>>> print(open('upload_14.txt').read())   # compact mmCIF, N, CA and C atoms
# COMPACT_ATOMS: atom_id res chain seq x y z
N MET E 1 145.50 85.97 72.09
CA MET E 1 144.23 86.68 72.10
C MET E 1 143.55 86.53 73.45
N LYS E 2 143.63 85.32 74.08
CA LYS E 2 142.99 85.10 75.36
C LYS E 2 143.52 86.03 76.45
N PRO E 3 144.86 86.26 76.55
CA PRO E 3 145.35 87.16 77.60
C PRO E 3 144.78 88.57 77.43
N ILE E 4 144.59 89.03 76.20
CA ILE E 4 144.06 90.38 75.97
C ILE E 4 142.60 90.43 76.45
N MET E 5 141.81 89.37 76.14
CA MET E 5 140.41 89.34 76.56
C MET E 5 140.32 89.27 78.08
N ASN E 6 141.20 88.46 78.71
CA ASN E 6 141.21 88.37 80.17
C ASN E 6 141.57 89.71 80.80
N ALA E 7 142.52 90.41 80.21
CA ALA E 7 142.91 91.72 80.72
C ALA E 7 141.75 92.71 80.55
N PHE E 8 141.08 92.63 79.40
CA PHE E 8 139.93 93.51 79.16
C PHE E 8 138.82 93.20 80.16
N ALA E 9 138.55 91.93 80.41
CA ALA E 9 137.52 91.53 81.36
C ALA E 9 137.89 92.00 82.77
N ALA E 10 139.13 91.87 83.13
CA ALA E 10 139.59 92.32 84.45
C ALA E 10 139.42 93.82 84.60
N LEU E 11 139.75 94.57 83.53
CA LEU E 11 139.59 96.02 83.55
C LEU E 11 138.11 96.39 83.69
N ALA E 12 137.26 95.71 82.95
CA ALA E 12 135.82 95.98 83.01
C ALA E 12 135.29 95.71 84.42
N LEU E 13 135.72 94.61 85.04
CA LEU E 13 135.28 94.29 86.41
C LEU E 13 135.80 95.33 87.40
N ALA E 14 137.04 95.79 87.20
CA ALA E 14 137.59 96.80 88.09
C ALA E 14 136.80 98.10 87.99
N ILE E 15 136.46 98.50 86.77
CA ILE E 15 135.67 99.72 86.59
C ILE E 15 134.29 99.54 87.22
N ALA E 16 133.69 98.39 87.00
CA ALA E 16 132.38 98.12 87.59
C ALA E 16 132.45 98.17 89.12
N GLY E 17 133.53 97.64 89.68
CA GLY E 17 133.72 97.65 91.12
C GLY E 17 133.84 99.06 91.68
N VAL E 18 134.47 99.94 90.93
CA VAL E 18 134.62 101.32 91.35
C VAL E 18 133.29 102.06 91.23
N LEU E 19 132.56 101.80 90.16
CA LEU E 19 131.31 102.51 89.92
C LEU E 19 130.15 101.96 90.73
N ALA E 20 130.14 100.67 91.02
CA ALA E 20 129.01 100.04 91.70
C ALA E 20 128.65 100.70 93.03
N PRO E 21 129.63 101.02 93.89
CA PRO E 21 129.25 101.67 95.15
C PRO E 21 128.55 103.01 94.95
N SER E 22 128.81 103.68 93.84
CA SER E 22 128.18 104.98 93.63
C SER E 22 126.79 104.87 93.02
N LEU E 23 126.40 103.69 92.53
CA LEU E 23 125.09 103.56 91.92
C LEU E 23 123.94 103.82 92.89
N PRO E 24 123.93 103.23 94.10
CA PRO E 24 122.84 103.54 95.00
C PRO E 24 122.78 105.03 95.34
N ALA E 25 123.92 105.68 95.42
CA ALA E 25 123.95 107.10 95.73
C ALA E 25 123.22 107.90 94.65
N ALA E 26 123.28 107.44 93.41
CA ALA E 26 122.60 108.14 92.33
C ALA E 26 121.09 108.12 92.53
N ALA E 27 120.58 107.08 93.20
CA ALA E 27 119.14 106.96 93.42
C ALA E 27 118.69 107.73 94.66
N GLU E 28 119.63 108.11 95.55
CA GLU E 28 119.26 108.81 96.77
C GLU E 28 118.56 110.12 96.45
N GLY E 29 117.66 110.46 97.33
CA GLY E 29 116.97 111.72 97.16
C GLY E 29 115.74 111.67 96.29
N ARG E 30 115.39 110.53 95.74
CA ARG E 30 114.17 110.40 94.93
C ARG E 30 112.96 110.47 95.85
N THR E 31 111.86 110.90 95.28
CA THR E 31 110.59 110.88 96.01
C THR E 31 109.66 109.90 95.31
N HIS E 32 109.15 108.95 96.07
CA HIS E 32 108.25 107.93 95.56
C HIS E 32 106.84 108.27 96.03
N HIS E 33 105.86 108.02 95.16
CA HIS E 33 104.46 108.30 95.47
C HIS E 33 103.68 106.99 95.41
N ILE E 34 102.99 106.67 96.50
CA ILE E 34 102.31 105.39 96.63
C ILE E 34 100.85 105.62 97.03
N ALA E 35 99.93 104.96 96.33
CA ALA E 35 98.51 104.95 96.69
C ALA E 35 98.16 103.55 97.18
N ILE E 36 97.60 103.47 98.37
CA ILE E 36 97.21 102.18 98.93
C ILE E 36 95.68 102.14 99.00
N HIS E 37 95.11 101.10 98.45
CA HIS E 37 93.67 100.94 98.25
C HIS E 37 93.11 99.96 99.28
N VAL E 38 92.08 100.38 100.01
CA VAL E 38 91.41 99.49 100.97
C VAL E 38 89.91 99.52 100.66
N ASP E 39 89.36 98.37 100.31
CA ASP E 39 87.92 98.29 100.04
C ASP E 39 87.26 97.10 100.74
N GLN E 40 87.92 96.60 101.79
CA GLN E 40 87.37 95.46 102.52
C GLN E 40 87.29 95.77 104.01
N ASN E 41 86.20 95.34 104.63
CA ASN E 41 86.04 95.47 106.07
C ASN E 41 86.59 94.20 106.71
N ASP E 42 87.87 94.03 106.60
CA ASP E 42 88.57 92.86 107.12
C ASP E 42 89.78 93.36 107.90
N PRO E 43 89.80 93.18 109.21
CA PRO E 43 90.92 93.68 110.01
C PRO E 43 92.29 93.23 109.49
N LYS E 44 92.37 92.02 108.95
CA LYS E 44 93.65 91.54 108.42
C LYS E 44 94.09 92.39 107.23
N VAL E 45 93.17 92.68 106.32
CA VAL E 45 93.49 93.49 105.14
C VAL E 45 93.82 94.91 105.55
N ILE E 46 93.03 95.47 106.45
CA ILE E 46 93.26 96.85 106.89
C ILE E 46 94.61 96.96 107.60
N ASN E 47 94.92 96.00 108.46
CA ASN E 47 96.22 96.01 109.13
C ASN E 47 97.36 95.81 108.14
N MET E 48 97.13 94.97 107.12
CA MET E 48 98.17 94.76 106.11
C MET E 48 98.44 96.07 105.37
N ALA E 49 97.40 96.84 105.09
CA ALA E 49 97.59 98.13 104.42
C ALA E 49 98.48 99.04 105.27
N LEU E 50 98.22 99.07 106.56
CA LEU E 50 99.04 99.92 107.44
C LEU E 50 100.44 99.34 107.62
N ASN E 51 100.56 98.01 107.61
CA ASN E 51 101.90 97.41 107.62
C ASN E 51 102.67 97.82 106.37
N ASN E 52 101.97 97.84 105.22
CA ASN E 52 102.59 98.29 103.97
C ASN E 52 103.10 99.71 104.12
N VAL E 53 102.31 100.58 104.72
CA VAL E 53 102.72 101.97 104.94
C VAL E 53 104.04 102.00 105.72
N GLN E 54 104.07 101.28 106.82
CA GLN E 54 105.26 101.29 107.68
C GLN E 54 106.47 100.67 106.98
N ASN E 55 106.26 99.55 106.29
CA ASN E 55 107.37 98.89 105.61
C ASN E 55 107.92 99.71 104.45
N ILE E 56 107.04 100.33 103.69
CA ILE E 56 107.47 101.18 102.59
C ILE E 56 108.28 102.35 103.13
N ARG E 57 107.74 102.98 104.16
CA ARG E 57 108.43 104.14 104.75
C ARG E 57 109.80 103.74 105.30
N LYS E 58 109.86 102.62 106.01
CA LYS E 58 111.13 102.15 106.59
C LYS E 58 112.16 101.89 105.50
N TYR E 59 111.74 101.23 104.42
CA TYR E 59 112.68 100.93 103.34
C TYR E 59 113.22 102.21 102.70
N TYR E 60 112.33 103.10 102.30
CA TYR E 60 112.80 104.30 101.61
C TYR E 60 113.62 105.20 102.53
N ASP E 61 113.30 105.25 103.81
CA ASP E 61 114.15 105.97 104.75
C ASP E 61 115.56 105.37 104.77
N SER E 62 115.63 104.03 104.71
CA SER E 62 116.94 103.36 104.80
C SER E 62 117.83 103.62 103.59
N VAL E 63 117.24 103.98 102.45
CA VAL E 63 118.05 104.25 101.26
C VAL E 63 118.15 105.75 100.97
N GLY E 64 117.64 106.56 101.87
CA GLY E 64 117.76 108.00 101.71
C GLY E 64 116.75 108.64 100.79
N ASP E 65 115.67 107.94 100.49
CA ASP E 65 114.63 108.48 99.61
C ASP E 65 113.45 108.98 100.45
N GLU E 66 112.63 109.79 99.83
CA GLU E 66 111.39 110.27 100.43
C GLU E 66 110.24 109.44 99.88
N VAL E 67 109.14 109.41 100.62
CA VAL E 67 107.96 108.72 100.12
C VAL E 67 106.71 109.49 100.55
N VAL E 68 105.78 109.60 99.62
CA VAL E 68 104.48 110.21 99.87
C VAL E 68 103.46 109.09 99.71
N ILE E 69 102.65 108.86 100.76
CA ILE E 69 101.70 107.75 100.73
C ILE E 69 100.31 108.28 101.03
N GLU E 70 99.35 107.81 100.23
CA GLU E 70 97.95 108.12 100.50
C GLU E 70 97.18 106.81 100.56
N VAL E 71 96.47 106.60 101.67
CA VAL E 71 95.62 105.43 101.85
C VAL E 71 94.19 105.86 101.51
N VAL E 72 93.60 105.19 100.54
CA VAL E 72 92.25 105.53 100.09
C VAL E 72 91.32 104.36 100.41
N ALA E 73 90.23 104.68 101.14
CA ALA E 73 89.28 103.63 101.51
C ALA E 73 87.88 103.98 101.01
N TYR E 74 87.22 102.96 100.49
CA TYR E 74 85.83 103.11 100.06
C TYR E 74 85.10 101.80 100.25
N GLY E 75 83.78 101.83 100.02
CA GLY E 75 82.99 100.61 100.21
C GLY E 75 83.16 100.12 101.64
N PRO E 76 83.15 98.80 101.83
CA PRO E 76 83.28 98.25 103.18
C PRO E 76 84.58 98.66 103.89
N GLY E 77 85.59 99.04 103.11
CA GLY E 77 86.87 99.46 103.71
C GLY E 77 86.79 100.78 104.46
N LEU E 78 85.72 101.54 104.22
CA LEU E 78 85.58 102.84 104.89
C LEU E 78 85.56 102.70 106.41
N VAL E 79 85.18 101.52 106.91
CA VAL E 79 85.12 101.29 108.36
C VAL E 79 86.46 101.63 109.02
N MET E 80 87.55 101.55 108.27
CA MET E 80 88.85 101.86 108.88
C MET E 80 88.95 103.29 109.36
N PHE E 81 88.08 104.18 108.87
CA PHE E 81 88.11 105.58 109.25
C PHE E 81 86.92 106.00 110.13
N ILE E 82 86.12 105.05 110.58
CA ILE E 82 84.94 105.38 111.39
C ILE E 82 85.31 105.22 112.87
N PRO E 83 85.29 106.34 113.60
CA PRO E 83 85.64 106.27 115.03
C PRO E 83 84.73 105.30 115.78
N GLY E 84 85.34 104.52 116.65
CA GLY E 84 84.58 103.55 117.44
C GLY E 84 84.33 102.24 116.73
N LYS E 85 84.49 102.20 115.42
CA LYS E 85 84.28 100.96 114.65
C LYS E 85 85.57 100.48 113.99
N SER E 86 86.51 101.39 113.79
CA SER E 86 87.75 101.05 113.11
C SER E 86 88.59 100.09 113.95
N PRO E 87 89.05 98.99 113.34
CA PRO E 87 89.93 98.08 114.07
C PRO E 87 91.36 98.63 114.19
N VAL E 88 91.61 99.76 113.54
CA VAL E 88 92.97 100.33 113.53
C VAL E 88 92.97 101.80 113.93
N GLU E 89 91.96 102.22 114.64
CA GLU E 89 91.83 103.64 115.00
C GLU E 89 93.08 104.18 115.69
N ASP E 90 93.58 103.47 116.68
CA ASP E 90 94.77 103.92 117.40
C ASP E 90 96.00 103.94 116.51
N ARG E 91 96.13 102.94 115.65
CA ARG E 91 97.27 102.90 114.72
C ARG E 91 97.26 104.09 113.77
N ILE E 92 96.07 104.41 113.25
CA ILE E 92 95.97 105.54 112.33
C ILE E 92 96.36 106.84 113.04
N LYS E 93 95.88 107.03 114.26
CA LYS E 93 96.22 108.23 115.02
C LYS E 93 97.73 108.32 115.24
N THR E 94 98.35 107.20 115.57
CA THR E 94 99.79 107.17 115.81
C THR E 94 100.57 107.43 114.52
N LEU E 95 100.20 106.73 113.45
CA LEU E 95 100.89 106.91 112.17
C LEU E 95 100.77 108.34 111.66
N ALA E 96 99.59 108.93 111.82
CA ALA E 96 99.38 110.29 111.35
C ALA E 96 100.31 111.27 112.07
N LEU E 97 100.60 110.99 113.34
CA LEU E 97 101.50 111.85 114.11
C LEU E 97 102.97 111.58 113.78
N GLU E 98 103.30 110.31 113.54
CA GLU E 98 104.69 109.90 113.35
C GLU E 98 105.24 110.13 111.95
N LEU E 99 104.38 109.98 110.93
CA LEU E 99 104.88 109.97 109.56
C LEU E 99 104.48 111.20 108.78
N ASP E 100 105.49 111.90 108.28
CA ASP E 100 105.22 113.01 107.37
C ASP E 100 104.82 112.42 106.03
N ASN E 101 104.13 113.17 105.23
CA ASN E 101 103.76 112.77 103.87
C ASN E 101 102.88 111.52 103.82
N LEU E 102 102.07 111.33 104.86
CA LEU E 102 101.09 110.24 104.88
C LEU E 102 99.72 110.88 105.01
N SER E 103 98.80 110.50 104.11
CA SER E 103 97.43 111.01 104.21
C SER E 103 96.44 109.88 104.04
N PHE E 104 95.24 110.11 104.55
CA PHE E 104 94.16 109.14 104.50
C PHE E 104 92.96 109.80 103.83
N SER E 105 92.36 109.10 102.86
CA SER E 105 91.20 109.63 102.14
C SER E 105 90.03 108.67 102.25
N ALA E 106 88.90 109.23 102.69
CA ALA E 106 87.67 108.47 102.83
C ALA E 106 86.73 108.82 101.69
N CYS E 107 86.07 107.83 101.13
CA CYS E 107 85.17 108.03 100.00
C CYS E 107 83.87 108.71 100.42
N GLY E 108 83.61 109.86 99.81
CA GLY E 108 82.38 110.59 100.08
C GLY E 108 81.14 109.85 99.61
N ASN E 109 81.24 109.16 98.48
CA ASN E 109 80.08 108.39 97.98
C ASN E 109 79.67 107.32 98.99
N THR E 110 80.65 106.57 99.48
CA THR E 110 80.37 105.51 100.45
C THR E 110 79.79 106.10 101.73
N ARG E 111 80.39 107.19 102.19
CA ARG E 111 79.92 107.83 103.41
C ARG E 111 78.47 108.29 103.26
N ARG E 112 78.15 108.90 102.13
CA ARG E 112 76.79 109.38 101.89
C ARG E 112 75.79 108.22 101.90
N LYS E 113 76.15 107.10 101.24
CA LYS E 113 75.26 105.95 101.19
C LYS E 113 75.09 105.31 102.58
N MET E 114 76.18 105.21 103.33
CA MET E 114 76.10 104.65 104.69
C MET E 114 75.23 105.55 105.57
N SER E 115 75.43 106.86 105.44
CA SER E 115 74.68 107.82 106.25
C SER E 115 73.18 107.73 105.95
N ALA E 116 72.83 107.62 104.67
CA ALA E 116 71.42 107.51 104.29
C ALA E 116 70.81 106.24 104.86
N LYS E 117 71.56 105.16 104.81
CA LYS E 117 71.06 103.87 105.31
C LYS E 117 70.86 103.91 106.83
N LEU E 118 71.78 104.58 107.53
CA LEU E 118 71.71 104.63 109.00
C LEU E 118 70.80 105.74 109.51
N GLY E 119 70.50 106.72 108.66
CA GLY E 119 69.65 107.82 109.07
C GLY E 119 70.38 108.94 109.80
N HIS E 120 71.69 108.90 109.81
CA HIS E 120 72.50 109.97 110.40
C HIS E 120 73.87 109.97 109.73
N GLU E 121 74.54 111.12 109.80
CA GLU E 121 75.84 111.22 109.14
C GLU E 121 76.88 110.33 109.82
N VAL E 122 77.56 109.55 109.03
CA VAL E 122 78.62 108.68 109.54
C VAL E 122 79.85 109.56 109.81
N PRO E 123 80.36 109.53 111.04
CA PRO E 123 81.55 110.34 111.34
C PRO E 123 82.80 109.71 110.71
N ILE E 124 83.76 110.55 110.41
CA ILE E 124 85.05 110.11 109.87
C ILE E 124 86.14 110.64 110.80
N MET E 125 87.13 109.82 111.08
CA MET E 125 88.24 110.24 111.94
C MET E 125 88.85 111.53 111.42
N GLU E 126 89.29 112.37 112.32
CA GLU E 126 89.87 113.66 111.91
C GLU E 126 91.16 113.48 111.11
N GLU E 127 91.80 112.34 111.22
CA GLU E 127 93.04 112.09 110.47
C GLU E 127 92.77 111.85 108.98
N ALA E 128 91.53 111.58 108.63
CA ALA E 128 91.18 111.28 107.24
C ALA E 128 90.39 112.45 106.63
N GLY E 129 90.71 112.74 105.39
CA GLY E 129 89.94 113.72 104.65
C GLY E 129 88.91 112.99 103.81
N VAL E 130 87.82 113.66 103.50
CA VAL E 130 86.78 113.05 102.66
C VAL E 130 86.97 113.56 101.24
N VAL E 131 87.04 112.62 100.29
CA VAL E 131 87.12 112.95 98.86
C VAL E 131 85.78 112.59 98.23
N PRO E 132 85.41 113.24 97.13
CA PRO E 132 84.11 112.94 96.52
C PRO E 132 83.91 111.46 96.20
N SER E 133 84.95 110.81 95.66
CA SER E 133 84.86 109.41 95.26
C SER E 133 86.21 108.73 95.48
N GLY E 134 86.20 107.63 96.21
CA GLY E 134 87.45 106.89 96.44
C GLY E 134 88.04 106.33 95.16
N VAL E 135 87.18 105.80 94.31
CA VAL E 135 87.65 105.22 93.05
C VAL E 135 88.26 106.31 92.18
N VAL E 136 87.59 107.44 92.07
CA VAL E 136 88.12 108.54 91.26
C VAL E 136 89.43 109.04 91.86
N ARG E 137 89.52 109.09 93.18
CA ARG E 137 90.78 109.53 93.82
C ARG E 137 91.93 108.60 93.44
N LEU E 138 91.68 107.30 93.43
CA LEU E 138 92.73 106.35 93.03
C LEU E 138 93.14 106.57 91.58
N VAL E 139 92.17 106.84 90.71
CA VAL E 139 92.48 107.13 89.30
C VAL E 139 93.34 108.37 89.22
N GLU E 140 92.95 109.42 89.92
CA GLU E 140 93.72 110.67 89.89
C GLU E 140 95.15 110.46 90.37
N LEU E 141 95.31 109.72 91.45
CA LEU E 141 96.65 109.47 91.98
C LEU E 141 97.50 108.70 90.97
N GLN E 142 96.91 107.71 90.32
CA GLN E 142 97.66 106.95 89.32
C GLN E 142 98.02 107.84 88.13
N GLU E 143 97.11 108.72 87.75
CA GLU E 143 97.42 109.64 86.65
C GLU E 143 98.54 110.61 87.03
N GLU E 144 98.69 110.88 88.32
CA GLU E 144 99.77 111.74 88.81
C GLU E 144 101.08 110.97 88.99
N GLY E 145 101.07 109.67 88.69
CA GLY E 145 102.29 108.88 88.77
C GLY E 145 102.44 108.06 90.04
N TYR E 146 101.43 108.00 90.87
CA TYR E 146 101.51 107.19 92.08
C TYR E 146 101.50 105.71 91.72
N ALA E 147 102.32 104.94 92.43
CA ALA E 147 102.26 103.48 92.30
C ALA E 147 101.04 103.01 93.09
N TYR E 148 100.38 101.99 92.59
CA TYR E 148 99.14 101.49 93.16
C TYR E 148 99.40 100.19 93.90
N ILE E 149 98.97 100.15 95.18
CA ILE E 149 99.13 98.96 96.00
C ILE E 149 97.75 98.57 96.55
N ARG E 150 97.43 97.30 96.42
CA ARG E 150 96.20 96.79 97.03
C ARG E 150 96.58 95.56 97.85
N PRO E 151 96.53 95.71 99.19
CA PRO E 151 96.92 94.55 100.03
C PRO E 151 95.92 93.41 99.93
>>> encode(input="upload_14.txt", output="structure tokens")
Amino acid sequence: MKPIMNAFAALALAIAGVLAPSLPAAAEGRTHHIAIHVDQNDPKVINMALNNVQNIRKYYDSVGDEVVIEVVAYGPGLVMFIPGKSPVEDRIKTLALELDNLSFSACGNTRRKMSAKLGHEVPIMEEAGVVPSGVVRLVELQEEGYAYIRP
């Protein structure tokens, strides 16, 4: 009985060995959707969010998949999209040019409150679009199947 089981096990391993190389190929061509949340005015957190963008993109490119990423900032994190105040202004400009399927969303509620407090409209980098609510945008993205990342 043991030789039959050993032969069966060997056959199973041989089949697995033949099929295993084709498994990653079955996953190729998928499109992944990622929402990255920034709500802190901390250069380390903001840079980590952009590092996440680059690392996610690099990984999925390496396996032949596509990725759609949206970075959503609200509250104190909105500073990442304010020209002259953003600690990552140059990085955002570069990433926006280099990466397809990457978008940036600035919270309209936060912008309106900041503008009222300062007495003038807070500018937003041209690379970022303004959404009515950052929190609602994150909810919508998750409802659309986006994976949620908070650095």
>>> atom_distance(input="upload_14.txt", atom1="CA of Tyr74 in chain E", atom2="atom C of Val135 in chain E")
8.8 Å
>>> select_by_dssp(input="upload_14.txt", residues="range 69-103 of chain E", states="helix (DSSP H, G or I)", output="list in words")
Gly75, Pro76, Gly77, Leu78, Val79, Met80, Phe81, Glu89, Asp90, Arg91, Ile92, Lys93, Thr94, Leu95, Ala96, Leu97 and Glu98 of chain E
>>> residues_near_point(input="upload_14.txt", point="(84.1, 102.3, 110.6)", cutoff="12 Å", atoms="only C-alpha atoms", output="ChimeraX atom specification")
/E:39-43,46,73-89,106,110-111,114-115,122-125,128
>>> residues_around(input="upload_14.txt", residues="range 60-70 of chain E", least_positions_apart="3", cutoff="5 Å", atoms="all atoms listed in the file", output="PyMOL selection string")
chain E and resi 28-36+56-57+101-103
>>> atom_distance(input="upload_14.txt", atom1="atom C of Cys107 in chain E", atom2="CA of Gln54 in chain E")
23.8 Å
>>> atom_distance(input="upload_14.txt", atom1="CA of Glu140 in chain E", atom2="atom C of Lys93 in chain E")
25.8 Å
